[in-house]
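Undergrad: Coordinates in structure19.cif, mmCIF, C-alpha atoms and all ligand atoms, are listed below.
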data_model
loop_
_atom_site.label_atom_id
_atom_site.label_comp_id
_atom_site.auth_asym_id
_atom_site.auth_seq_id
_atom_site.Cartn_x
_atom_site.Cartn_y
_atom_site.Cartn_z
CA MET K 1 -16.19 -17.65 -100.73
CA ARG K 2 -12.80 -19.23 -101.28
CA PHE K 3 -10.24 -20.04 -98.59
CA LEU K 4 -6.54 -20.46 -99.30
CA SER K 5 -3.41 -20.83 -97.21
CA GLY K 6 -0.03 -22.47 -97.36
CA ILE K 7 3.00 -23.44 -95.30
CA GLN K 8 6.57 -23.62 -96.54
CA SER K 9 8.25 -27.01 -96.67
CA SER K 10 11.34 -25.41 -95.18
CA GLY K 11 11.80 -27.59 -92.11
CA ASN K 12 10.03 -29.41 -89.33
CA ILE K 13 6.48 -28.20 -88.82
CA THR K 14 6.28 -26.51 -85.43
CA LEU K 15 3.77 -25.91 -82.69
CA GLY K 16 3.69 -22.31 -83.99
CA ASN K 17 2.59 -23.49 -87.44
CA TYR K 18 0.02 -25.73 -85.82
CA LEU K 19 -1.52 -23.21 -83.40
CA GLY K 20 -1.10 -20.23 -85.70
CA ALA K 21 -2.23 -21.90 -88.89
CA ILE K 22 -3.15 -25.59 -89.24
CA LYS K 23 -5.47 -25.82 -86.22
CA ASN K 24 -7.44 -22.89 -87.59
CA PHE K 25 -7.66 -24.44 -91.06
CA VAL K 26 -9.13 -27.52 -89.47
CA LYS K 27 -11.76 -25.45 -87.67
CA LEU K 28 -12.58 -23.40 -90.74
CA GLN K 29 -12.93 -26.32 -93.15
CA ASP K 30 -16.41 -26.93 -91.71
CA SER K 31 -17.50 -23.34 -91.97
CA PRO K 32 -20.44 -22.86 -94.33
CA ASP K 33 -18.85 -19.54 -95.36
CA PHE K 34 -16.40 -21.35 -97.62
CA THR K 35 -17.52 -23.01 -100.80
CA ASP K 36 -13.99 -23.84 -101.78
CA PHE K 37 -11.04 -24.67 -99.55
CA LEU K 38 -7.43 -24.83 -100.78
CA VAL K 39 -4.33 -25.56 -98.72
CA PHE K 40 -0.90 -25.87 -100.30
CA ILE K 41 2.71 -26.72 -99.60
CA ALA K 42 4.87 -23.73 -100.46
CA ASP K 43 7.95 -25.49 -101.81
CA LEU K 44 8.87 -22.61 -104.15
CA HIS K 45 8.96 -20.32 -101.13
CA ALA K 46 11.15 -22.80 -99.28
CA ILE K 47 13.99 -22.39 -101.78
CA THR K 48 14.38 -18.68 -101.03
CA VAL K 49 16.92 -20.02 -98.54
CA PRO K 50 19.24 -22.97 -99.28
CA GLN K 51 17.58 -26.43 -99.12
CA GLU K 52 19.05 -29.90 -99.48
CA LYS K 53 17.30 -31.92 -102.18
CA GLU K 54 16.50 -35.04 -100.13
CA LYS K 55 15.35 -33.03 -97.13
CA LEU K 56 13.13 -30.80 -99.24
CA ARG K 57 11.37 -33.82 -100.76
CA LYS K 58 10.95 -35.36 -97.34
CA ASN K 59 9.58 -32.14 -95.86
CA ILE K 60 7.03 -31.80 -98.66
CA LYS K 61 5.64 -35.28 -98.13
CA SER K 62 5.77 -34.92 -94.39
CA LEU K 63 3.80 -31.68 -94.53
CA VAL K 64 1.01 -33.29 -96.56
CA ALA K 65 0.81 -36.13 -94.07
CA LEU K 66 0.74 -33.65 -91.19
CA TYR K 67 -2.07 -31.65 -92.77
CA LEU K 68 -4.09 -34.84 -92.92
CA ALA K 69 -2.99 -36.04 -89.48
CA CYS K 70 -4.00 -32.72 -87.93
CA GLY K 71 -7.48 -33.20 -89.29
CA LEU K 72 -7.73 -31.63 -92.73
CA ASP K 73 -10.30 -33.68 -94.58
CA PRO K 74 -9.42 -34.34 -98.25
CA LYS K 75 -13.14 -34.56 -99.00
CA LYS K 76 -13.48 -30.92 -98.03
CA VAL K 77 -10.04 -29.52 -98.80
CA HIS K 78 -7.91 -29.49 -101.96
CA ILE K 79 -4.29 -30.02 -100.91
CA PHE K 80 -1.60 -29.33 -103.50
CA ILE K 81 2.09 -28.59 -104.00
CA GLN K 82 2.89 -25.06 -105.20
CA SER K 83 5.54 -26.10 -107.74
CA GLU K 84 3.03 -28.44 -109.41
CA VAL K 85 0.96 -25.42 -110.42
CA PRO K 86 3.24 -23.40 -112.75
CA ALA K 87 0.93 -20.36 -112.74
CA HIS K 88 2.23 -19.42 -109.28
CA ALA K 89 5.71 -18.71 -110.63
CA GLU K 90 4.27 -17.11 -113.77
CA LEU K 91 2.08 -14.65 -111.89
CA GLY K 92 4.89 -14.12 -109.35
CA TRP K 93 7.03 -12.78 -112.17
CA VAL K 94 4.29 -10.47 -113.45
CA LEU K 95 3.79 -9.08 -109.95
CA GLU K 96 7.53 -8.56 -109.50
CA CYS K 97 7.37 -6.36 -112.56
CA ASN K 98 4.59 -4.36 -110.92
CA GLY K 99 6.19 -4.07 -107.48
CA TYR K 100 8.91 -1.75 -106.26
CA ILE K 101 12.23 -2.71 -104.71
CA GLY K 102 11.64 -0.19 -101.93
CA GLU K 103 8.39 -1.77 -100.79
CA LEU K 104 9.98 -5.21 -100.72
CA GLU K 105 13.03 -4.03 -98.80
CA ARG K 106 10.77 -2.70 -96.07
CA MET K 107 9.35 -6.15 -95.23
CA THR K 108 10.22 -7.30 -91.71
CA GLN K 109 10.61 -10.94 -92.75
CA PHE K 110 13.16 -9.96 -95.39
CA LYS K 111 15.11 -7.88 -92.89
CA ASP K 112 15.07 -10.72 -90.33
CA LYS K 113 15.92 -13.55 -92.69
CA LYS K 114 18.58 -11.55 -94.53
CA GLU K 115 20.59 -11.30 -91.33
CA LYS K 116 20.63 -15.09 -90.95
CA GLN K 117 22.06 -15.87 -94.39
CA ILE K 118 25.72 -16.74 -94.41
CA GLY K 119 26.24 -17.60 -98.07
CA GLY K 120 24.69 -14.44 -99.53
CA VAL K 121 21.08 -13.24 -99.72
CA SER K 122 19.07 -14.62 -102.65
CA VAL K 123 16.99 -12.35 -104.88
CA GLY K 124 14.10 -14.70 -104.08
CA LEU K 125 14.26 -13.79 -100.41
CA LEU K 126 13.57 -10.20 -101.40
CA THR K 127 10.85 -10.97 -103.94
CA TYR K 128 9.17 -13.63 -101.77
CA PRO K 129 6.14 -11.39 -101.08
CA SER K 130 5.42 -11.07 -104.83
CA LEU K 131 5.21 -14.85 -105.06
CA MET K 132 3.01 -14.94 -101.98
CA ALA K 133 0.78 -12.32 -103.60
CA ALA K 134 0.58 -14.54 -106.68
CA ASP K 135 -0.44 -17.53 -104.53
CA ILE K 136 -3.35 -15.55 -103.17
CA LEU K 137 -4.45 -13.54 -106.21
CA LEU K 138 -4.48 -16.52 -108.60
CA TYR K 139 -7.48 -17.98 -106.80
CA ASP K 140 -9.63 -14.89 -106.18
CA THR K 141 -9.11 -15.58 -102.50
CA ASN K 142 -11.38 -13.45 -100.31
CA LEU K 143 -10.10 -14.32 -96.87
CA VAL K 144 -6.51 -15.29 -96.08
CA PRO K 145 -5.77 -16.71 -92.65
CA VAL K 146 -2.31 -15.54 -91.65
CA GLY K 147 -0.32 -15.35 -88.47
CA VAL K 148 0.67 -11.88 -87.31
CA ASP K 149 4.07 -12.49 -88.94
CA GLN K 150 2.48 -12.57 -92.42
CA LYS K 151 0.16 -9.59 -92.04
CA GLN K 152 2.60 -7.20 -93.68
CA HIS K 153 2.87 -9.48 -96.72
CA LEU K 154 -0.88 -9.55 -97.05
CA GLU K 155 -0.99 -5.77 -97.03
CA LEU K 156 1.50 -5.75 -99.87
CA THR K 157 -0.66 -8.29 -101.71
CA ARG K 158 -3.58 -5.92 -101.41
CA ASP K 159 -1.47 -3.03 -102.71
CA LEU K 160 -0.31 -5.09 -105.69
CA ALA K 161 -3.86 -6.20 -106.50
CA ILE K 162 -5.21 -2.65 -106.34
CA ARG K 163 -2.30 -1.37 -108.43
CA PHE K 164 -2.73 -4.04 -111.09
CA ASN K 165 -6.51 -3.55 -111.24
CA SER K 166 -6.19 0.18 -111.74
CA LYS K 167 -3.48 -0.22 -114.37
CA TYR K 168 -4.98 -3.05 -116.43
CA GLY K 169 -8.66 -3.14 -115.39
CA GLU K 170 -10.49 -5.35 -112.83
CA THR K 171 -8.55 -8.62 -112.62
CA PHE K 172 -7.97 -9.56 -108.98
CA VAL K 173 -10.10 -9.83 -105.86
CA VAL K 174 -8.50 -7.73 -103.10
CA PRO K 175 -8.13 -10.15 -100.16
CA GLU K 176 -8.80 -9.54 -96.47
CA PRO K 177 -6.63 -10.97 -93.67
CA TYR K 178 -8.11 -13.38 -91.20
CA ILE K 179 -6.19 -13.42 -87.94
CA ALA K 180 -7.27 -15.90 -85.32
CA PRO K 181 -8.39 -14.09 -82.15
CA SER K 182 -5.95 -15.96 -79.90
CA GLY K 183 -2.70 -17.82 -80.21
CA ALA K 184 -1.78 -16.05 -83.41
CA LYS K 185 1.89 -15.86 -82.51
CA VAL K 186 3.89 -18.50 -80.68
CA MET K 187 7.35 -17.42 -79.57
CA SER K 188 10.69 -19.24 -79.46
CA LEU K 189 11.35 -21.26 -76.31
CA VAL K 190 14.95 -20.05 -76.05
CA ASP K 191 14.32 -16.42 -76.99
CA PRO K 192 10.69 -15.57 -76.30
CA THR K 193 11.06 -12.18 -77.95
CA LYS K 194 11.45 -13.93 -81.34
CA LYS K 195 8.76 -15.96 -83.04
CA MET K 196 8.97 -19.74 -83.07
CA SER K 197 10.20 -20.65 -86.53
CA LYS K 198 10.79 -23.97 -88.26
CA SER K 199 13.90 -22.62 -89.96
CA ASP K 200 15.49 -21.75 -86.60
CA PRO K 201 18.89 -23.48 -86.64
CA ASN K 202 18.54 -24.16 -82.90
CA PRO K 203 15.95 -26.96 -82.44
CA LYS K 204 15.54 -26.06 -78.75
CA GLY K 205 13.72 -22.92 -79.87
CA TYR K 206 10.85 -24.80 -81.45
CA ILE K 207 8.64 -27.77 -80.79
CA ALA K 208 8.31 -29.85 -83.92
CA LEU K 209 5.06 -31.78 -84.24
CA LEU K 210 7.19 -34.83 -85.01
CA ASP K 211 9.58 -34.43 -82.08
CA ASP K 212 9.70 -37.36 -79.69
CA ILE K 213 7.03 -36.79 -77.00
CA ASN K 214 9.63 -36.85 -74.22
CA ILE K 215 11.75 -34.28 -76.03
CA ILE K 216 8.68 -32.08 -76.39
CA LYS K 217 8.06 -32.18 -72.66
CA LYS K 218 11.72 -31.52 -71.96
CA LYS K 219 11.81 -28.52 -74.29
CA ILE K 220 8.83 -26.95 -72.53
CA LYS K 221 10.21 -27.62 -69.09
CA SER K 222 13.45 -25.90 -70.03
CA ALA K 223 11.79 -22.96 -71.80
CA VAL K 224 13.44 -19.65 -70.93
CA THR K 225 11.35 -17.65 -68.44
CA ASP K 226 12.33 -15.08 -65.79
CA SER K 227 13.14 -14.93 -62.09
CA ASP K 228 10.09 -13.02 -60.93
CA GLY K 229 8.23 -16.14 -59.84
CA THR K 230 4.66 -15.08 -60.58
CA ILE K 231 2.52 -16.44 -63.39
CA ARG K 232 0.95 -13.55 -65.23
CA TYR K 233 0.64 -12.27 -68.77
CA ASP K 234 3.12 -9.46 -69.40
CA LEU K 235 4.66 -9.53 -72.87
CA GLU K 236 7.23 -6.90 -72.12
CA ASN K 237 8.62 -8.11 -68.81
CA LYS K 238 7.64 -11.79 -68.90
CA PRO K 239 7.69 -12.90 -72.54
CA GLY K 240 8.56 -16.51 -71.68
CA ILE K 241 5.71 -17.06 -69.21
CA SER K 242 3.35 -15.12 -71.47
CA ASN K 243 4.25 -17.42 -74.35
CA LEU K 244 3.53 -20.53 -72.28
CA LEU K 245 0.20 -19.01 -71.23
CA THR K 246 -0.64 -18.36 -74.88
CA ILE K 247 0.20 -21.95 -75.81
CA LEU K 248 -1.83 -23.42 -72.95
CA SER K 249 -4.72 -21.10 -73.68
CA CYS K 250 -4.83 -22.11 -77.34
CA ILE K 251 -4.65 -25.81 -76.61
CA THR K 252 -7.16 -25.91 -73.78
CA ASN K 253 -9.50 -23.26 -75.21
CA THR K 254 -9.28 -21.43 -71.89
CA SER K 255 -8.85 -17.68 -71.66
CA ILE K 256 -5.51 -16.32 -70.45
CA SER K 257 -7.20 -14.58 -67.51
CA ASP K 258 -8.77 -17.85 -66.36
CA LEU K 259 -5.38 -19.52 -66.57
CA VAL K 260 -3.67 -16.73 -64.64
CA ASP K 261 -6.31 -17.16 -61.96
CA LYS K 262 -5.86 -20.93 -61.88
CA TYR K 263 -2.08 -20.72 -61.53
CA LYS K 264 -1.88 -17.74 -59.18
CA ASP K 265 -0.46 -19.84 -56.32
CA SER K 266 1.53 -22.19 -58.50
CA ASN K 267 5.28 -22.20 -59.14
CA TYR K 268 6.96 -22.23 -62.57
CA GLN K 269 7.80 -25.91 -62.35
CA ASN K 270 4.21 -27.05 -61.80
CA PHE K 271 2.94 -24.65 -64.42
CA LYS K 272 5.46 -25.86 -66.98
CA GLU K 273 4.59 -29.47 -66.20
CA ASP K 274 0.95 -28.76 -66.99
CA VAL K 275 1.85 -26.98 -70.23
CA ALA K 276 4.13 -29.87 -71.20
CA GLU K 277 1.38 -32.39 -70.49
CA ALA K 278 -1.22 -30.42 -72.47
CA VAL K 279 1.08 -30.02 -75.49
CA ALA K 280 2.07 -33.70 -75.41
CA ASN K 281 -1.58 -34.78 -75.24
CA GLU K 282 -2.44 -32.57 -78.20
CA ILE K 283 0.45 -33.80 -80.33
CA LYS K 284 0.44 -37.55 -79.55
CA PRO K 285 -2.70 -38.41 -81.58
CA ILE K 286 -1.37 -36.33 -84.48
CA GLN K 287 1.82 -38.39 -84.48
CA ASP K 288 -0.13 -41.66 -84.35
CA LYS K 289 -2.23 -40.66 -87.34
CA TYR K 290 0.87 -39.42 -89.17
CA ASN K 291 2.60 -42.77 -88.76
CA GLU K 292 -0.48 -44.51 -90.07
CA ILE K 293 -0.61 -42.55 -93.34
CA ILE K 294 2.92 -41.41 -94.17
CA ASN K 295 3.60 -44.48 -96.31
CA SER K 296 0.09 -44.96 -97.68
CA LYS K 297 -1.28 -44.30 -101.17
CA LEU K 298 -3.51 -41.62 -99.71
CA ILE K 299 -0.77 -38.99 -99.96
CA ASP K 300 -0.42 -39.25 -103.75
CA GLU K 301 -4.17 -39.53 -104.28
CA VAL K 302 -4.77 -36.34 -102.33
CA LEU K 303 -1.96 -34.50 -104.14
CA ASP K 304 -3.08 -35.57 -107.62
CA GLU K 305 -6.61 -34.31 -107.03
CA GLY K 306 -5.31 -31.07 -105.52
CA ARG K 307 -2.87 -30.46 -108.38
CA ASP K 308 -5.54 -30.91 -111.05
CA TYR K 309 -8.08 -28.72 -109.34
CA ALA K 310 -5.59 -25.93 -108.57
CA ASN K 311 -4.25 -25.93 -112.13
CA TYR K 312 -7.76 -25.68 -113.48
CA LEU K 313 -8.44 -22.53 -111.44
CA ALA K 314 -4.98 -20.99 -111.75
CA ASN K 315 -4.73 -21.38 -115.54
CA LYS K 316 -7.95 -19.49 -116.06
CA LYS K 317 -6.54 -16.57 -114.07
CA ILE K 318 -3.08 -16.50 -115.63
CA ASN K 319 -4.62 -16.49 -119.11
CA LYS K 320 -6.72 -13.50 -118.14
CA VAL K 321 -3.66 -11.71 -116.72
CA TYR K 322 -1.55 -12.34 -119.83
CA ASN K 323 -4.39 -11.06 -122.02
CA LYS K 324 -4.76 -7.90 -119.96
CA ILE K 325 -1.06 -7.14 -120.24
CA GLY K 326 -0.74 -8.17 -123.88
CA LEU K 327 1.70 -11.03 -123.38
CA GLY K 328 2.10 -13.68 -126.06
CA ARG K 329 -0.81 -14.33 -128.42
CA LYS K 330 -4.42 -13.93 -127.34
CA ARG K 331 -5.45 -16.91 -125.27
P1 LIG H 401 10.14 -20.27 -91.87
O1 LIG H 401 11.03 -20.10 -90.68
O2 LIG H 401 10.72 -21.15 -92.92
O3 LIG H 401 9.61 -18.97 -92.40
P2 LIG H 401 7.72 -20.58 -90.38
O4 LIG H 401 7.71 -21.43 -89.17
O5 LIG H 401 7.73 -19.11 -90.21
O6 LIG H 401 8.90 -21.08 -91.29
P3 LIG H 401 5.88 -20.40 -92.60
O7 LIG H 401 5.83 -21.48 -93.61
O8 LIG H 401 6.59 -19.14 -92.93
O9 LIG H 401 6.46 -21.01 -91.25
O10 LIG H 401 4.39 -20.05 -92.17
C1 LIG H 401 3.35 -20.97 -92.26
C2 LIG H 401 2.17 -20.50 -91.44
O11 LIG H 401 2.47 -20.64 -90.06
C3 LIG H 401 1.81 -19.03 -91.66
O12 LIG H 401 0.40 -18.92 -91.64
C4 LIG H 401 2.40 -18.34 -90.46
O13 LIG H 401 1.69 -17.18 -90.12
C5 LIG H 401 2.24 -19.41 -89.38
N1 LIG H 401 3.27 -19.29 -88.36
C6 LIG H 401 4.60 -19.41 -88.55
N2 LIG H 401 5.25 -19.25 -87.39
C7 LIG H 401 4.30 -19.01 -86.45
C8 LIG H 401 4.34 -18.77 -85.03
N3 LIG H 401 5.48 -18.73 -84.37
N4 LIG H 401 3.18 -18.58 -84.39
C9 LIG H 401 2.02 -18.64 -85.06
N5 LIG H 401 1.89 -18.85 -86.37
C10 LIG H 401 3.02 -19.04 -87.07
MG MG H 402 7.85 -17.78 -91.94
#
Rewrite the structure of this file - the entire thing - as structure tokens.
TA:
Amino acid sequence: MRFLSGIQSSGNITLGNYLGAIKNFVKLQDSPDFTDFLVFIADLHAITVPQEKEKLRKNIKSLVALYLACGLDPKKVHIFIQSEVPAHAELGWVLECNGYIGELERMTQFKDKKEKQIGGVSVGLLTYPSLMAADILLYDTNLVPVGVDQKQHLELTRDLAIRFNSKYGETFVVPEPYIAPSGAKVMSLVDPTKKMSKSDPNPKGYIALLDDINIIKKKIKSAVTDSDGTIRYDLENKPGISNLLTILSCITNTSISDLVDKYKDSNYQNFKEDVAEAVANEIKPIQDKYNEIINSKLIDEVLDEGRDYANYLANKKINKVYNKIGLGRKR
């Protein structure tokens, strides 16, 4: 079975990306269920909203180093950059021509991100899910680990795969979502009703894995909560406290109910201090490893191998797709 997932190089990688995605990749890379493990940097997705050239380059490299620093093992995982495998954009186009504007306009991420654009909404922001579908379908991916925020896109991917298969004959594997049982969605520290997001213009809302450790602690200690004073899990009335419980639960591998029990006589300040300490202890070794490798040759070596392997797989699929549709000359 093949595993594939990616993260956009659209900003500073957050605790949400780590707990919702990277930490799970690291666990799964050792699973005997997967014969093939691919993780990529979604730089083509990143440009659906404006990016500055230098920052984009820096974010791409930084994301590779973070994947490695968080524990992805290049002996087990192929790590590559999306734009270095042209078949992603090629299949993205084909899928756009087999998708409907209406189904794309219904996507929650599009509706959310559209509101935040000041200089106009790019066509790419709307068609983003077709490119994401291409990412997945190119590799006959069986299981796609996604945070709750991406579940809707995966459903669309399945629809597109089924539609294409029935129109042109069996071509794509229809993928299943894999959603981690806990910690799938980390919320913003300033507005705990919104998800933590690396493209949030307010850095107080997210914890970046590369934030200074003291800043990380400070951000947690000043996370928005409520005035009720009790520590319990109640998403509707206590989203801030519930979010901190989720974070602590994920990091310490302790169930939320055990945590609620542990902190039943505690005040918010003590609780937040413990969360801050736990997060800092989780992130510190990642930062140390990151600093060790960010300027090493390892980054390019890993990316070269990943690029070649991904192109090998993706080209086989895009040739098949073009043949099924009747594009160009027979390949
Ligand atoms: P952007 O704001 O640019 O969309 P993002 O933080 O949402 O950035 P993505 O690159 O869209 O990050 O997503 C990468 C992975 O991280 C996906 O698997 C997604 O489900 C997961 N993820 C993103 N945000 C969170 C979050 N707040 N909690 C848990 N998982 C998350
Ligand atoms: Mg996102």
Undergrad: Give the residue list for ligand LIG 401 (chain H) at 8 Å, counting all atoms listed in the file, as a PyMOL selection string, sorted by chain and then by residue number.
TA: chain K and resi 5-11+13-22+42+46+145-151+183-188+195-200
Undergrad: For ligand MG 402 (chain H), which residue among K:Arg163, K:His78, K:His88, K:Lys194 is the nearest when counting all atoms listed in the file?
TA: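 For ligand MG 402 (chain H), the nearest of the candidates is K:Lys194.
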Undergrad: Work out how far atom CA of K:Val39 is from atom CA of K:Leu66, in Å to one decimal.
TA: 12.2 Å
Undergrad: Grab the atom CA of K:Lys219 to atom CA of K:Phe271 distance for me, in Å with one decimal place.
TA: 13.8 Å
Undergrad: Provide the atom CA of K:Leu245 to atom CA of K:Asp274 distance in Å, to one decimal place.
TA: 10.7 Å
Undergrad: Please determine, counting only C-alpha atoms, which residue among K:Lys221, K:Arg232, K:Arg158, K:Arg2 has the shortest atom-to-atom distance to K:Ala280.
TA: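 Comparing K:Lys221, K:Arg232, K:Arg158, K:Arg2 against K:Ala280, the winner is K:Lys221.
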Undergrad: Just the residues within 12 Å of K:Leu235, please, counting all atoms listed in the file, with nothing from its chain fewer than 2 positions along; format it as a list in words.
TA: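 Non-adjacent residues within range: Lys185, Val186, Met187, Pro192, Thr193, Lys194, Thr225, Asp226, Ile231, Arg232, Tyr233, Asn237, Lys238, Pro239, Gly240, Ile241, Ser242, Asn243, Leu244, Leu245 and Thr246 of chain K.
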Undergrad: How about saving the chosen residues, C-alpha atoms kept, as a PDB file, keeping the file's coordinate frame?
TA:
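Final file, result-v2.pdb:
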ATOM      1  CA  LYS K 185       1.890 -15.860 -82.510  1.00  0.00           C
ATOM      2  CA  VAL K 186       3.890 -18.500 -80.680  1.00  0.00           C
ATOM      3  CA  MET K 187       7.350 -17.420 -79.570  1.00  0.00           C
ATOM      4  CA  PRO K 192      10.690 -15.570 -76.300  1.00  0.00           C
ATOM      5  CA  THR K 193      11.060 -12.180 -77.950  1.00  0.00           C
ATOM      6  CA  LYS K 194      11.450 -13.930 -81.340  1.00  0.00           C
ATOM      7  CA  THR K 225      11.350 -17.650 -68.440  1.00  0.00           C
ATOM      8  CA  ASP K 226      12.330 -15.080 -65.790  1.00  0.00           C
ATOM      9  CA  ILE K 231       2.520 -16.440 -63.390  1.00  0.00           C
ATOM     10  CA  ARG K 232       0.950 -13.550 -65.230  1.00  0.00           C
ATOM     11  CA  TYR K 233       0.640 -12.270 -68.770  1.00  0.00           C
ATOM     12  CA  ASN K 237       8.620  -8.110 -68.810  1.00  0.00           C
ATOM     13  CA  LYS K 238       7.640 -11.790 -68.900  1.00  0.00           C
ATOM     14  CA  PRO K 239       7.690 -12.900 -72.540  1.00  0.00           C
ATOM     15  CA  GLY K 240       8.560 -16.510 -71.680  1.00  0.00           C
ATOM     16  CA  ILE K 241       5.710 -17.060 -69.210  1.00  0.00           C
ATOM     17  CA  SER K 242       3.350 -15.120 -71.470  1.00  0.00           C
ATOM     18  CA  ASN K 243       4.250 -17.420 -74.350  1.00  0.00           C
ATOM     19  CA  LEU K 244       3.530 -20.530 -72.280  1.00  0.00           C
ATOM     20  CA  LEU K 245       0.200 -19.010 -71.230  1.00  0.00           C
ATOM     21  CA  THR K 246      -0.640 -18.360 -74.880  1.00  0.00           C
TER      22      THR K 246
END
Undergrad: Please determine, counting only C-alpha atoms and all ligand atoms, which residue among K:Asn59, K:Ser222, K:Ser31, K:Gln109 has the shortest atom-to-atom distance to ligand MG 402 (chain H).
TA: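 Checking each of K:Asn59, K:Ser222, K:Ser31, K:Gln109 against ligand MG 402 (chain H), counting only C-alpha atoms and all ligand atoms, the winner is K:Gln109.
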Undergrad: Go through K:Val123, K:Val49, K:Ala314, K:Leu160 one by one, measure the shortest atom-to-atom distance of each to ligand MG 402 (chain H) using all atoms listed in the file, and give the residue with the smallest value.
TA: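 Closest to ligand MG 402 (chain H), using all atoms listed in the file: K:Val49.
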Undergrad: Between K:Pro50, K:Asp308, K:Phe34, K:Ile79, which residue has the minimum interatomic distance to K:Gly119, considering all atoms listed in the file?
TA: K:Pro50
Undergrad: Go ahead and find all residues with at least one atom no further than 12 Å from (3.7, -30.8, -107.8) in the file's coordinates, using all atoms listed in the file; report them as number ranges by chain.
TA: K: 40-44, 57, 60-61, 64, 79-88, 300, 302-308, 310-311
Undergrad: With all atoms listed in the file as the basis for distance, which of K:Ser296, K:Thr108, K:Asn165, K:Ser62 is at the shortest distance from K:Lys324?
TA: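 Counting all atoms listed in the file, the residue closest to K:Lys324 is K:Asn165.
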Undergrad: Can you pull out every residue within 10 Å of K:Asn319, counting all atoms listed in the file, but drop anything in the same chain fewer than 6 positions away, and send it as an NGL selection string?
TA: :K and (87 or 327 or 330-331)
Undergrad: Just want the 10 Å neighbourhood of K:Asp30, counted on all atoms listed in the file, with same-chain residues fewer than 6 positions away dropped. Output as a list in words.
TA: Phe37, Leu72, Asp73, Lys76 and Val77 of chain K
Undergrad: Could you list, as a short mmCIF file (atom, residue, chain, number, x, y, z; two decimals) with C-alpha atoms, in the coordinates of the input, every residue within 8 Å of K:Asn142, counting all atoms listed in the file and ignoring same-chain residues fewer than 2 positions away?
TA:
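Saved to part-v2.cif:
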data_model
loop_
_atom_site.label_atom_id
_atom_site.label_comp_id
_atom_site.auth_asym_id
_atom_site.auth_seq_id
_atom_site.Cartn_x
_atom_site.Cartn_y
_atom_site.Cartn_z
CA MET K 1 -16.19 -17.65 -100.73
CA ARG K 2 -12.80 -19.23 -101.28
CA PHE K 3 -10.24 -20.04 -98.59
CA ASP K 140 -9.63 -14.89 -106.18
CA VAL K 144 -6.51 -15.29 -96.08
CA VAL K 173 -10.10 -9.83 -105.86
CA VAL K 174 -8.50 -7.73 -103.10
CA PRO K 175 -8.13 -10.15 -100.16
CA GLU K 176 -8.80 -9.54 -96.47
#
Undergrad: So which residues touch K:Asn281 within 12 Å, counting only C-alpha atoms, skipping near sequence neighbours fewer than 4 positions away, as a PyMOL selection string?
TA: chain K and resi 209+213-214+216-217+248+251-252+274-277+285-288
